[in-house]
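Colleague: Please find one structure pasted underneath; my questions will follow.
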Amino acid sequence: QHPRAASEGFRIENMQAAAGVGDLDRKSVKEVQSFIEHQQQIQQIQAVVGKITELCWDKCVSKPGKDLTESEKNCIANCSERFLDTSMFVVNRIQNKHKAGGQ
Amino acid sequence: DTSGELTPEQHVARATLSQADKMKQVYQKQLASKYLNDLASTVTDKCFLKCAQDGMLDTSDQGCSAMCCDRYLDTFELVRRTLQTRNRR
């Protein structure tokens with residue numbers, strides 16, 4: 001039984017070879033599995049931050065300088081919050097439409 | 001980078017790790033590597049668009065590309081902090 005590294009080409013066989021280990025016992029498998037799951041949760045958050053950064057950079061920073069200006073910082077912070085508001089709003093609205101109209 | 005070249009200190013540290021720890025280390029390293037590659041790719045795209053004007057591109061340490069790269073990372077950090085604060089509310 002091998003831990004399932006579920007994504008993006010982190011193949012267990014390659015990891016085992018790179019780590020210089022043979023087959024793992026069940027306890028170790030669970031330990032690595034749990035670690036990977038935790039890391040992937042962190043990664044998901046990182047991905048959201050990355051996505052918002054891209055969007056808000058485009059909206060808020062026209063000409064990069066030696067520091068972010070106060071105006072740019074406010075814009076980025078607001079942009080981030082508004083993105084999350086939008087995301088929640090859209091999810092709710094689509095779910096409600098789906099319930100009501102069966103789309 | 002999956003080369004087996006380690007410093008003497010790393011060899012000693014490695015020798016005392018469990019098999020699971022070694023796997024975790026490899027995974028972490030691969031993850032970090034992918035993350036940096038993705039980030040570099042994004043920043044390159046963004047900063048090329050912002051900085052390549054009239055067919056000129058300043059890639060000096062004080063130039064547009066450097067400032068753009070640094071400001072983008074600042075933006076990333078600001079977004080992260082904003083989300084963290086929001087999450088606590």
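Identifiers for the structure tokens are assigned positionally: chains receive A, B, ... in sequence, residues are indexed from 1 per chain, and ligands are indexed from 1 in the order shown.
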Enumerate as number ranges by chain all residues of chain B assigned to helix (DSSP H, G or I) by DSSP on the backbone, naming them with the chain letters and numbers the document uses.
Modeller: B: 8-15, 19-51, 64-88
Colleague: Go through chain B residue by residue and, counting only C-alpha atoms, keep those with an atom at most 7 Å from chain A; for each kept residue give the shortest atom pair and its distance in Å to one decimal, ordered by chain and increasing number, as a tab-separated table.
Modeller:
```
residue	atom	partner	partner_atom	distance
B:Thr2	CA	A:Ala18	CA	6.2
B:Gln19	CA	A:Val21	CA	6.1
B:Ala20	CA	A:Ser28	CA	5.3
B:Lys22	CA	A:Ala19	CA	5.4
B:Met23	CA	A:Ala19	CA	5.6
B:Lys24	CA	A:Val32	CA	6.3
B:Val26	CA	A:Ala19	CA	6.0
B:Tyr27	CA	A:Met15	CA	6.8
B:Cys64	CA	A:Pro64	CA	7.0
B:Met67	CA	A:Gly65	CA	5.9
B:Cys68	CA	A:Pro64	CA	5.0
B:Arg71	CA	A:Pro64	CA	6.3
B:Thr75	CA	A:Thr53	CA	6.3
B:Phe76	CA	A:Thr53	CA	5.4
B:Val79	CA	A:Val49	CA	6.3
B:Arg80	CA	A:Val49	CA	5.8
B:Thr82	CA	A:Ala77	CA	6.1
```
Colleague: Those selected residues, please, written with all heavy atoms and delivered as a short mmCIF file (atom, residue, chain, number, x, y, z; two decimals), in the first residue's frame.
Modeller:
```
data_model
loop_
_atom_site.label_atom_id
_atom_site.label_comp_id
_atom_site.auth_asym_id
_atom_site.auth_seq_id
_atom_site.Cartn_x
_atom_site.Cartn_y
_atom_site.Cartn_z
N THR B 2 17.12 16.43 -7.96
CA THR B 2 17.08 15.19 -7.20
C THR B 2 18.47 14.59 -7.09
O THR B 2 18.65 13.40 -6.91
CB THR B 2 16.17 14.16 -7.89
OG1 THR B 2 16.57 14.05 -9.26
CG2 THR B 2 14.71 14.62 -7.84
N GLN B 19 12.27 6.79 7.82
CA GLN B 19 11.92 6.66 6.42
C GLN B 19 10.81 7.64 6.06
O GLN B 19 10.83 8.27 5.00
CB GLN B 19 11.46 5.23 6.11
CG GLN B 19 12.58 4.20 6.28
CD GLN B 19 12.37 3.02 5.35
OE1 GLN B 19 11.28 2.49 5.28
NE2 GLN B 19 13.41 2.62 4.64
N ALA B 20 9.84 7.75 6.96
CA ALA B 20 8.74 8.68 6.72
C ALA B 20 9.25 10.11 6.62
O ALA B 20 8.83 10.88 5.76
CB ALA B 20 7.70 8.56 7.83
N LYS B 22 12.14 11.10 5.66
CA LYS B 22 12.85 11.28 4.40
C LYS B 22 11.88 11.51 3.26
O LYS B 22 12.10 12.35 2.39
CB LYS B 22 13.72 10.05 4.10
CG LYS B 22 14.94 9.93 4.99
CD LYS B 22 15.73 8.67 4.67
CE LYS B 22 16.77 8.39 5.74
NZ LYS B 22 17.47 7.11 5.52
N MET B 23 10.78 10.75 3.27
CA MET B 23 9.75 10.92 2.25
C MET B 23 9.16 12.33 2.32
O MET B 23 8.95 12.99 1.31
CB MET B 23 8.62 9.90 2.44
CG MET B 23 9.02 8.50 2.05
SD MET B 23 9.04 8.29 0.25
CE MET B 23 7.30 8.08 -0.09
N LYS B 24 8.88 12.76 3.55
CA LYS B 24 8.30 14.09 3.74
C LYS B 24 9.24 15.15 3.22
O LYS B 24 8.83 16.14 2.61
CB LYS B 24 8.02 14.33 5.22
CG LYS B 24 6.88 13.52 5.80
CD LYS B 24 6.57 14.02 7.20
CE LYS B 24 6.31 12.91 8.17
NZ LYS B 24 6.15 13.42 9.55
N VAL B 26 11.50 14.91 0.87
CA VAL B 26 11.51 14.88 -0.59
C VAL B 26 10.27 15.56 -1.13
O VAL B 26 10.33 16.37 -2.07
CB VAL B 26 11.60 13.42 -1.10
CG1 VAL B 26 11.26 13.35 -2.58
CG2 VAL B 26 12.99 12.86 -0.87
N TYR B 27 9.13 15.24 -0.55
CA TYR B 27 7.87 15.82 -1.00
C TYR B 27 7.90 17.33 -0.86
O TYR B 27 7.53 18.08 -1.76
CB TYR B 27 6.70 15.24 -0.21
CG TYR B 27 5.36 15.80 -0.61
CD1 TYR B 27 4.71 15.33 -1.74
CD2 TYR B 27 4.76 16.80 0.13
CE1 TYR B 27 3.49 15.85 -2.13
CE2 TYR B 27 3.53 17.34 -0.25
CZ TYR B 27 2.90 16.85 -1.38
OH TYR B 27 1.70 17.37 -1.78
N CYS B 64 13.03 48.51 -13.83
CA CYS B 64 11.60 48.21 -13.73
C CYS B 64 11.36 46.75 -13.37
O CYS B 64 10.52 46.45 -12.53
CB CYS B 64 10.92 48.56 -15.07
SG CYS B 64 9.15 48.25 -15.08
N MET B 67 12.03 46.18 -9.64
CA MET B 67 10.98 46.77 -8.80
C MET B 67 9.67 46.02 -8.96
O MET B 67 8.96 45.76 -7.98
CB MET B 67 10.81 48.25 -9.17
CG MET B 67 11.99 49.12 -8.75
SD MET B 67 11.66 50.88 -8.76
CE MET B 67 11.51 51.21 -10.50
N CYS B 68 9.38 45.66 -10.19
CA CYS B 68 8.14 44.93 -10.44
C CYS B 68 8.12 43.61 -9.69
O CYS B 68 7.15 43.26 -9.03
CB CYS B 68 8.00 44.68 -11.95
SG CYS B 68 6.55 43.74 -12.38
N ARG B 71 7.71 44.30 -5.98
CA ARG B 71 6.37 44.79 -5.64
C ARG B 71 5.33 43.68 -5.77
O ARG B 71 4.36 43.62 -5.04
CB ARG B 71 5.97 45.98 -6.52
CG ARG B 71 6.84 47.24 -6.39
CD ARG B 71 6.86 47.87 -5.01
NE ARG B 71 7.68 47.16 -4.04
CZ ARG B 71 9.01 47.17 -4.00
NH1 ARG B 71 9.68 47.86 -4.91
NH2 ARG B 71 9.67 46.48 -3.09
N THR B 75 2.87 42.43 -2.96
CA THR B 75 1.42 42.30 -3.17
C THR B 75 0.94 40.93 -2.68
O THR B 75 -0.08 40.83 -2.00
CB THR B 75 1.07 42.47 -4.66
OG1 THR B 75 1.54 43.73 -5.11
CG2 THR B 75 -0.43 42.37 -4.90
N PHE B 76 1.69 39.91 -3.02
CA PHE B 76 1.36 38.55 -2.59
C PHE B 76 1.25 38.49 -1.07
O PHE B 76 0.28 37.95 -0.52
CB PHE B 76 2.42 37.57 -3.09
CG PHE B 76 2.08 36.13 -2.83
CD1 PHE B 76 1.49 35.35 -3.81
CD2 PHE B 76 2.36 35.54 -1.60
CE1 PHE B 76 1.17 34.01 -3.58
CE2 PHE B 76 2.05 34.21 -1.36
CZ PHE B 76 1.45 33.45 -2.35
N VAL B 79 -1.84 40.37 0.21
CA VAL B 79 -3.06 39.58 0.00
C VAL B 79 -3.15 38.48 1.06
O VAL B 79 -4.20 38.26 1.66
CB VAL B 79 -3.09 38.96 -1.42
CG1 VAL B 79 -4.23 37.97 -1.55
CG2 VAL B 79 -3.20 40.05 -2.47
N ARG B 80 -2.03 37.80 1.30
CA ARG B 80 -2.01 36.72 2.27
C ARG B 80 -2.42 37.23 3.65
O ARG B 80 -3.24 36.63 4.33
CB ARG B 80 -0.62 36.09 2.32
CG ARG B 80 -0.57 34.71 2.98
CD ARG B 80 0.87 34.25 3.20
NE ARG B 80 1.62 35.17 4.05
CZ ARG B 80 1.48 35.24 5.36
NH1 ARG B 80 0.64 34.47 5.99
NH2 ARG B 80 2.20 36.11 6.03
N THR B 82 -4.13 39.95 4.34
CA THR B 82 -5.53 40.39 4.32
C THR B 82 -6.47 39.20 4.50
O THR B 82 -7.43 39.27 5.27
CB THR B 82 -5.86 41.09 2.97
OG1 THR B 82 -4.96 42.16 2.77
CG2 THR B 82 -7.28 41.61 2.96
#
```
